[in-house]
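Chemist: Just one file: target-v1.txt, with compact mmCIF, C-alpha atoms.
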# COMPACT_ATOMS: atom_id res chain seq x y z
CA MET A 1 47.18 70.62 -165.17
CA GLY A 2 50.47 72.33 -165.98
CA SER A 3 49.51 73.15 -169.56
CA TYR A 4 46.16 74.47 -168.36
CA ILE A 5 47.83 76.84 -165.89
CA VAL A 6 50.19 78.09 -168.62
CA ARG A 7 47.23 78.78 -170.91
CA ARG A 8 45.44 80.65 -168.17
CA LEU A 9 48.51 82.77 -167.44
CA ALA A 10 48.71 83.66 -171.13
CA TYR A 11 45.03 84.50 -171.01
CA MET A 12 45.75 86.72 -167.99
CA VAL A 13 48.22 88.80 -170.01
CA SER A 14 45.66 89.36 -172.75
CA VAL A 15 43.02 90.35 -170.20
CA LEU A 16 45.40 92.83 -168.57
CA LEU A 17 46.22 94.39 -171.95
CA VAL A 18 42.56 94.78 -172.90
CA VAL A 19 41.53 96.19 -169.52
CA SER A 20 44.50 98.57 -169.42
CA ALA A 21 43.69 99.88 -172.92
CA ILE A 22 40.00 100.43 -172.14
CA THR A 23 40.77 102.10 -168.81
CA PHE A 24 43.53 104.29 -170.20
CA PHE A 25 41.63 105.71 -173.14
CA LEU A 26 38.35 106.12 -171.24
CA MET A 27 40.16 108.09 -168.52
CA HIS A 28 41.59 110.50 -171.06
CA ALA A 29 38.24 110.83 -172.82
CA VAL A 30 36.65 112.32 -169.68
CA PRO A 31 36.73 116.16 -169.69
CA GLY A 32 39.28 117.73 -167.40
CA GLY A 33 42.72 116.68 -166.34
CA PRO A 34 44.79 115.84 -163.27
CA PHE A 35 45.85 119.46 -162.81
CA SER A 36 42.46 121.08 -163.36
CA SER A 37 41.03 122.65 -160.23
CA GLU A 38 38.53 125.27 -159.09
CA LYS A 39 41.37 127.74 -158.72
CA ARG A 40 42.97 127.44 -162.12
CA LEU A 41 46.70 127.64 -162.50
CA PRO A 42 48.23 129.85 -165.19
CA GLN A 43 48.22 128.07 -168.53
CA ALA A 44 51.99 128.34 -168.80
CA GLN A 45 52.43 126.57 -165.46
CA ILE A 46 49.98 123.83 -166.45
CA GLU A 47 51.92 123.24 -169.65
CA ILE A 48 55.18 122.96 -167.70
CA ILE A 49 53.65 120.41 -165.32
CA GLU A 50 52.11 118.38 -168.15
CA GLU A 51 55.42 118.42 -169.99
CA ALA A 52 57.16 117.08 -166.87
CA TYR A 53 54.72 114.14 -166.72
CA ASN A 54 54.77 113.60 -170.53
CA LEU A 55 51.06 114.40 -170.78
CA ASN A 56 51.66 116.42 -173.95
CA ASP A 57 52.63 113.30 -175.90
CA PRO A 58 50.05 111.59 -178.14
CA LEU A 59 47.82 109.14 -176.29
CA LEU A 60 49.24 106.14 -178.12
CA VAL A 61 52.75 107.18 -177.10
CA GLN A 62 51.66 107.65 -173.48
CA TYR A 63 49.95 104.25 -173.48
CA GLY A 64 52.98 102.56 -175.02
CA ASN A 65 55.27 104.09 -172.40
CA TYR A 66 52.92 102.96 -169.64
CA LEU A 67 52.84 99.38 -170.95
CA SER A 68 56.62 99.38 -171.14
CA ASP A 69 56.96 100.53 -167.52
CA VAL A 70 54.40 98.05 -166.15
CA PHE A 71 54.77 94.89 -168.23
CA ILE A 72 58.41 94.83 -169.36
CA PRO A 73 60.82 93.87 -166.54
CA LYS A 74 64.14 95.64 -166.10
CA ILE A 75 67.27 93.59 -165.44
CA ASN A 76 70.51 95.33 -164.52
CA SER A 77 73.29 95.35 -161.96
CA GLU A 78 72.23 98.57 -160.23
CA PRO A 79 70.79 98.01 -156.75
CA PRO A 80 67.58 99.89 -155.85
CA SER A 81 69.41 102.23 -153.53
CA ASP A 82 67.84 105.62 -154.20
CA TYR A 83 64.22 106.45 -153.36
CA SER A 84 62.86 106.70 -156.90
CA VAL A 85 64.13 103.31 -158.03
CA LYS A 86 63.22 101.54 -154.81
CA GLU A 87 59.70 102.85 -154.54
CA ASP A 88 58.65 102.92 -158.19
CA TYR A 89 59.12 99.19 -158.79
CA LEU A 90 56.71 96.86 -157.06
CA ILE A 91 59.01 93.84 -157.44
CA ASN A 92 62.75 94.06 -156.65
CA ILE A 93 64.49 90.69 -156.60
CA ARG A 94 68.23 90.13 -156.39
CA PHE A 95 70.02 87.24 -158.14
CA GLY A 96 73.63 87.56 -157.11
CA SER A 97 74.77 90.90 -158.51
CA ILE A 98 71.77 91.19 -160.86
CA TRP A 99 68.56 92.98 -159.94
CA PHE A 100 65.20 92.01 -161.42
CA LYS A 101 62.81 94.99 -161.30
CA TRP A 102 59.25 94.79 -162.52
CA MET A 103 55.95 96.71 -162.51
CA ASN A 104 56.55 100.44 -162.34
CA PHE A 105 53.16 102.13 -162.00
CA GLY A 106 54.62 105.63 -162.04
CA PRO A 107 54.17 108.62 -159.73
CA SER A 108 50.96 109.83 -158.16
CA TYR A 109 49.94 113.23 -159.53
CA ASN A 110 48.39 114.28 -156.22
CA SER A 111 51.04 112.99 -153.83
CA LEU A 112 54.48 114.25 -154.77
CA SER A 113 56.25 112.30 -152.03
CA ARG A 114 54.64 108.91 -152.80
CA SER A 115 54.50 106.80 -155.94
CA VAL A 116 51.64 104.49 -156.89
CA THR A 117 53.75 101.52 -155.84
CA ASP A 118 54.28 103.18 -152.48
CA LEU A 119 50.51 103.57 -152.03
CA ILE A 120 49.90 99.93 -152.96
CA GLU A 121 52.62 98.63 -150.64
CA GLN A 122 51.33 100.62 -147.67
CA GLN A 123 47.54 100.58 -148.17
CA PHE A 124 46.81 97.31 -149.97
CA PRO A 125 47.93 95.00 -147.08
CA VAL A 126 45.31 96.62 -144.85
CA SER A 127 42.56 96.12 -147.43
CA PHE A 128 43.78 92.57 -148.00
CA GLN A 129 43.64 91.72 -144.29
CA LEU A 130 40.14 93.18 -143.98
CA GLY A 131 38.98 91.35 -147.09
CA VAL A 132 40.34 87.96 -145.98
CA LEU A 133 38.69 88.29 -142.56
CA ALA A 134 35.40 89.36 -144.17
CA LEU A 135 35.51 86.32 -146.47
CA LEU A 136 36.13 84.04 -143.49
CA VAL A 137 33.12 85.57 -141.77
CA ALA A 138 31.03 85.03 -144.91
CA LEU A 139 32.09 81.37 -145.24
CA VAL A 140 31.79 80.52 -141.53
CA ILE A 141 28.27 81.97 -141.37
CA GLY A 142 26.99 81.33 -144.88
CA ILE A 143 27.86 77.67 -145.52
CA PRO A 144 26.55 76.23 -142.18
CA LEU A 145 23.45 78.41 -142.44
CA GLY A 146 22.73 77.13 -145.96
CA ILE A 147 23.30 73.50 -144.95
CA ILE A 148 21.00 73.76 -141.92
CA SER A 149 18.33 75.45 -144.01
CA ALA A 150 18.49 72.78 -146.72
CA MET A 151 18.35 69.94 -144.19
CA ARG A 152 15.29 71.49 -142.54
CA GLN A 153 13.49 72.51 -145.71
CA ASN A 154 10.10 74.19 -145.22
CA THR A 155 10.40 74.16 -141.45
CA ILE A 156 10.63 77.01 -138.99
CA VAL A 157 14.44 76.57 -138.97
CA ASP A 158 14.50 77.03 -142.75
CA TYR A 159 12.32 80.13 -142.61
CA ILE A 160 14.41 81.72 -139.85
CA SER A 161 17.68 80.93 -141.61
CA MET A 162 16.56 82.39 -144.92
CA GLY A 163 15.02 85.34 -143.11
CA VAL A 164 18.40 86.06 -141.57
CA ALA A 165 19.96 85.75 -145.03
CA ILE A 166 17.46 88.19 -146.54
CA VAL A 167 18.17 90.68 -143.76
CA GLY A 168 21.90 90.28 -144.40
CA VAL A 169 21.47 91.07 -148.08
CA SER A 170 19.03 93.93 -147.46
CA VAL A 171 21.05 95.81 -144.83
CA PRO A 172 24.06 97.49 -146.50
CA VAL A 173 27.36 98.25 -144.81
CA ILE A 174 26.52 101.95 -144.74
CA VAL A 175 23.67 101.10 -142.32
CA LEU A 176 25.13 98.17 -140.41
CA GLY A 177 28.54 99.80 -139.87
CA PRO A 178 27.37 102.92 -137.98
CA ILE A 179 24.99 100.80 -135.87
CA MET A 180 27.86 98.55 -134.81
CA VAL A 181 30.11 101.53 -134.09
CA ARG A 182 27.43 103.20 -131.98
CA LEU A 183 26.39 100.05 -130.08
CA PHE A 184 29.58 98.02 -129.62
CA GLY A 185 32.17 100.77 -129.97
CA VAL A 186 30.68 103.80 -128.21
CA SER A 187 27.94 102.51 -125.88
CA LEU A 188 29.25 99.12 -124.76
CA LYS A 189 32.92 99.89 -125.53
CA TRP A 190 33.65 96.27 -126.42
CA PHE A 191 35.74 97.15 -129.46
CA PRO A 192 37.58 100.25 -130.72
CA PRO A 193 35.15 102.27 -132.89
CA SER A 194 37.78 103.08 -135.52
CA GLY A 195 41.32 102.39 -136.68
CA TRP A 196 43.32 99.31 -137.59
CA GLY A 197 45.56 97.47 -135.18
CA ALA A 198 48.04 95.86 -137.57
CA ARG A 199 51.10 97.91 -138.48
CA PRO A 200 54.12 97.17 -140.68
CA PRO A 201 56.23 95.11 -141.01
CA TYR A 202 53.99 92.51 -142.62
CA PHE A 203 54.80 88.86 -143.27
CA LEU A 204 55.11 88.37 -147.05
CA GLY A 205 54.07 92.00 -147.34
CA LEU A 206 50.43 91.20 -146.53
CA PHE A 207 49.91 89.70 -143.07
CA PRO A 208 50.87 91.15 -139.69
CA ARG A 209 53.75 89.30 -138.06
CA ASN A 210 52.15 89.25 -134.63
CA ILE A 211 48.46 88.37 -134.75
CA GLY A 212 46.84 88.79 -131.36
CA TRP A 213 43.97 90.48 -129.60
CA ASN A 214 45.37 93.91 -130.45
CA PHE A 215 44.77 93.04 -134.11
CA PHE A 216 41.42 91.30 -133.81
CA LYS A 217 39.79 93.88 -131.55
CA TYR A 218 40.07 96.40 -134.39
CA ALA A 219 39.14 93.91 -137.11
CA ILE A 220 36.06 92.18 -135.67
CA MET A 221 33.46 94.88 -136.36
CA PRO A 222 34.54 95.90 -139.88
CA ALA A 223 35.01 92.25 -140.90
CA ILE A 224 31.51 91.34 -139.73
CA ALA A 225 30.00 94.44 -141.33
CA LEU A 226 31.70 93.71 -144.65
CA GLY A 227 31.18 89.95 -144.60
CA THR A 228 27.53 89.83 -143.55
CA GLY A 229 26.14 90.62 -146.99
CA SER A 230 28.37 88.03 -148.64
CA SER A 231 27.45 85.43 -146.01
CA ALA A 232 23.78 85.87 -146.87
CA ILE A 233 24.49 85.31 -150.57
CA ILE A 234 26.57 82.21 -149.81
CA ALA A 235 23.85 80.84 -147.49
CA ARG A 236 21.12 81.13 -150.10
CA LEU A 237 23.34 79.68 -152.81
CA THR A 238 24.42 76.77 -150.59
CA ARG A 239 20.82 75.98 -149.71
CA ALA A 240 19.62 76.00 -153.32
CA SER A 241 22.54 73.92 -154.56
CA LEU A 242 22.33 71.38 -151.74
CA LEU A 243 18.59 70.92 -152.24
CA GLN A 244 19.22 70.15 -155.89
CA VAL A 245 21.99 67.65 -155.10
CA LEU A 246 19.92 65.87 -152.44
CA HIS A 247 17.45 64.80 -155.14
CA GLU A 248 20.14 63.13 -157.28
CA ASP A 249 20.13 59.38 -157.81
CA TYR A 250 23.49 58.74 -156.16
CA ILE A 251 22.24 60.39 -152.94
CA ARG A 252 19.25 58.06 -152.86
CA THR A 253 21.59 55.14 -153.50
CA ALA A 254 23.86 56.17 -150.61
CA ARG A 255 20.88 56.38 -148.29
CA ALA A 256 19.56 53.04 -149.52
CA LYS A 257 22.89 51.44 -148.59
CA GLY A 258 22.29 52.51 -145.01
CA LEU A 259 24.87 55.29 -144.71
CA LYS A 260 24.33 57.74 -141.91
CA GLU A 261 22.90 61.09 -142.92
CA LYS A 262 26.05 62.92 -141.81
CA LEU A 263 28.14 60.79 -144.18
CA VAL A 264 25.66 61.26 -147.01
CA ILE A 265 25.80 65.03 -146.63
CA GLY A 266 29.48 65.42 -145.82
CA ARG A 267 31.00 62.82 -148.16
CA HIS A 268 28.64 62.79 -151.14
CA ALA A 269 26.32 65.79 -151.30
CA LEU A 270 28.30 68.71 -149.93
CA LYS A 271 31.25 68.52 -152.32
CA ASN A 272 29.06 68.89 -155.41
CA ALA A 273 26.82 71.41 -153.68
CA LEU A 274 29.78 73.70 -153.01
CA ILE A 275 30.70 74.06 -156.70
CA PRO A 276 28.41 77.11 -157.22
CA VAL A 277 29.76 78.61 -154.00
CA VAL A 278 33.33 78.16 -155.20
CA THR A 279 32.34 79.73 -158.53
CA ILE A 280 31.37 83.04 -156.95
CA PHE A 281 34.31 82.91 -154.55
CA GLY A 282 36.75 84.16 -157.22
CA PRO A 283 35.11 87.50 -158.10
CA LEU A 284 33.90 87.90 -154.51
CA PHE A 285 37.46 87.56 -153.20
CA ALA A 286 38.85 90.11 -155.66
CA ALA A 287 36.04 92.59 -154.99
CA ILE A 288 36.35 92.47 -151.20
CA VAL A 289 40.12 92.25 -150.92
CA THR A 290 40.83 95.29 -153.11
CA GLY A 291 39.09 97.37 -150.48
CA SER A 292 35.63 98.60 -149.64
CA PHE A 293 35.53 102.38 -149.60
CA VAL A 294 32.37 102.51 -147.46
CA THR A 295 33.66 100.11 -144.79
CA GLU A 296 37.07 101.74 -144.65
CA THR A 297 35.48 105.18 -144.34
CA ILE A 298 33.03 104.21 -141.57
CA PHE A 299 35.71 102.52 -139.45
CA ALA A 300 38.55 104.92 -140.42
CA ILE A 301 40.65 102.09 -141.86
CA PRO A 302 43.69 103.22 -143.88
CA GLY A 303 43.06 100.93 -146.86
CA LEU A 304 43.31 101.25 -150.61
CA GLY A 305 39.65 101.98 -151.30
CA GLU A 306 39.80 105.59 -150.11
CA TYR A 307 42.72 106.44 -152.39
CA PHE A 308 41.08 104.77 -155.39
CA VAL A 309 37.83 106.73 -155.04
CA ALA A 310 39.72 109.99 -154.44
CA SER A 311 41.92 109.35 -157.47
CA ILE A 312 38.87 109.22 -159.75
CA GLY A 313 37.75 112.70 -158.74
CA ASN A 314 41.30 114.04 -158.91
CA ARG A 315 42.01 112.47 -162.33
CA ASP A 316 45.06 110.79 -160.84
CA TYR A 317 45.62 108.52 -163.84
CA PRO A 318 48.47 106.37 -162.46
CA VAL A 319 46.58 105.54 -159.25
CA ILE A 320 43.44 104.62 -161.20
CA MET A 321 45.39 102.42 -163.59
CA GLY A 322 47.43 100.75 -160.87
CA THR A 323 44.39 99.96 -158.71
CA ILE A 324 42.35 98.57 -161.60
CA LEU A 325 45.21 96.38 -162.84
CA LEU A 326 45.71 95.11 -159.29
CA TYR A 327 42.01 94.22 -159.14
CA VAL A 328 42.21 92.40 -162.49
CA LEU A 329 45.27 90.42 -161.32
CA LEU A 330 43.44 89.31 -158.19
CA LEU A 331 40.35 88.43 -160.20
CA VAL A 332 42.26 86.32 -162.73
CA PHE A 333 44.28 84.47 -160.09
CA SER A 334 41.14 83.91 -158.00
CA ASN A 335 39.34 82.40 -160.99
CA LEU A 336 42.37 80.21 -161.69
CA PHE A 337 42.24 78.98 -158.09
CA VAL A 338 38.50 78.31 -158.50
CA ASP A 339 39.04 76.27 -161.68
CA ILE A 340 41.73 74.17 -160.00
CA THR A 341 39.45 73.62 -157.00
CA TYR A 342 36.74 72.25 -159.31
CA ALA A 343 38.88 69.19 -160.04
CA PHE A 344 39.13 68.35 -156.34
CA LEU A 345 35.44 68.87 -155.61
CA ASP A 346 34.18 66.86 -158.59
CA PRO A 347 36.46 64.17 -160.15
CA ARG A 348 34.33 64.27 -163.31
CA ILE A 349 35.69 67.74 -164.10
CA ARG A 350 38.86 67.69 -166.18
CA LEU A 351 41.01 70.76 -166.83
CA GLU A 352 43.03 69.27 -169.66
Can you turn what I pasted into structure tokens?
Modeler:
Amino acid sequence: MGSYIVRRLAYMVSVLLVVSAITFFLMHAVPGGPFSSEKRLPQAQIEIIEEAYNLNDPLLVQYGNYLSDVFIPKINSEPPSDYSVKEDYLINIRFGSIWFKWMNFGPSYNSLSRSVTDLIEQQFPVSFQLGVLALLVALVIGIPLGIISAMRQNTIVDYISMGVAIVGVSVPVIVLGPIMVRLFGVSLKWFPPSGWGARPPYFLGLFPRNIGWNFFKYAIMPAIALGTGSSAIIARLTRASLLQVLHEDYIRTARAKGLKEKLVIGRHALKNALIPVVTIFGPLFAAIVTGSFVTETIFAIPGLGEYFVASIGNRDYPVIMGTILLYVLLLVFSNLFVDITYAFLDPRIRLE
């Protein structure tokens, strides 16, 4: 197991390098620049600004400098006391009198007072909280719905369950979100129609320290709106996988031994049936947690998705690079978690 994790971490570094190179050079291949606008600045002023951000250097030099800032840690005895040092490094760890500083994503071209690290530290926890709650909604609804549908195959219960799943897939957040805001937020006034209840400080930088009704009353509607589509996918996948497992020989043997149906499903069938669900959990987790622009816009949630979409139109290269690398990190670690989970779900699977 240990050697497998080390290999996967080495693989993660190679994936990050490839993705960063593709993203970097494709960004600069698009016409325009971060300081192009409808009201053009004087060329001399543009050159001064580009010189300040080292945009006049050759692309290979710019890419090399970026890799150095992001991937090579800095170790020195200077504490992160001033604003620039403190905010530009995502990781600041102290070992006695030595400071370990790592992952400097650089400044944001469109926000002079905030660096990319600052945006990630402030906006990503909100997107992470929303994504985790949406995934919980998807799992709590999707897995039981798929199990019930598989156990009642070709009955009215099966048809209703899969009908609900089809509706969940067919109705996007851009439709479901405004309906929920209008019905439950404005008309019935059960929940706040917009905003996010959790505020810094966060536990471990991601979770609110005090989780109570003030947090959940803001989170219920966006979490359901974002998680409904994923729950439908999980329900259909659980049903199909469980139906396939129920026809295996060892399931017939377990039933022939006289085991109760609950034990047959819970102890023997469900673990193998959940392997396809766990497989999609990795990319699904990374996609949802990094922030949904549509959901955050509808419910006025101050997450990371809004800044990422705006950075594309503004050619804010550091924000684009930082957000994409963050997504890749989550995706790789999620897939690593999925691979490790395989060994617990099915003892026949070996990682070594």
Chemist: Kindly indicate which residue among A:Val294, A:Val116, A:Ala300, A:Ala225 lies nearest to Pro192 of chain A, using only C-alpha atoms for the distances.
Modeler: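 Counting only C-alpha atoms, the residue closest to Pro192 of chain A is A:Ala300.
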Chemist: So, counting only C-alpha atoms, which residue among A:Asn76, A:Thr253, A:Thr23, A:Ser113 is closest to Ile324 of chain A?
Modeler: A:Thr23
Chemist: Could you check which of A:Pro276, A:Gly266, A:Gly227, A:Gly258 is closest to Ser241 of chain A, using only C-alpha atoms?
Modeler: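 Closest to Ser241 of chain A of all the choices is A:Pro276.
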Chemist: Quick one: contact table of segment 247-313 of chain A to segment 135-138 of chain A, 9 Å max, nearest atom pair and distance in Å to one decimal per residue, counting all atoms listed in the file, chain and number order, as a tab-separated table?
Modeler:
residue	atom	partner	partner_atom	distance
A:Phe281	CA	A:Leu135	CA	8.9
A:Leu284	CA	A:Leu135	CA	8.4
A:Phe285	CA	A:Leu135	CA	7.1
A:Ile288	CA	A:Leu135	CA	7.8
A:Val289	CA	A:Leu135	CA	8.7
Chemist: Just want the 8 Å neighbourhood of Ile234 of chain A, counted on only C-alpha atoms, with same-chain residues fewer than 3 positions away dropped. Output as a PyMOL selection string.
Modeler: chain A and resi 138-139+142-143+146+230-231+237-238+277
Chemist: Tell me, in Å to one decimal, how far atom CA of Phe216 of chain A is from atom CA of Leu130 of chain A.
Modeler: 10.4 Å
Chemist: Rank nothing, just name the residue among A:Phe293, A:Leu242, A:Tyr218, A:Val309 nearest to His268 of chain A, using only C-alpha atoms.
Modeler: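 Nearest candidate to His268 of chain A out of A:Phe293, A:Leu242, A:Tyr218, A:Val309: A:Leu242.
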Chemist: Could you tell me which of A:Leu67, A:Ile75, A:Ile174, A:Ala256 comes closest to Pro222 of chain A if we count only C-alpha atoms?
Modeler: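 So, comparing all the options, the nearest one is A:Ile174.
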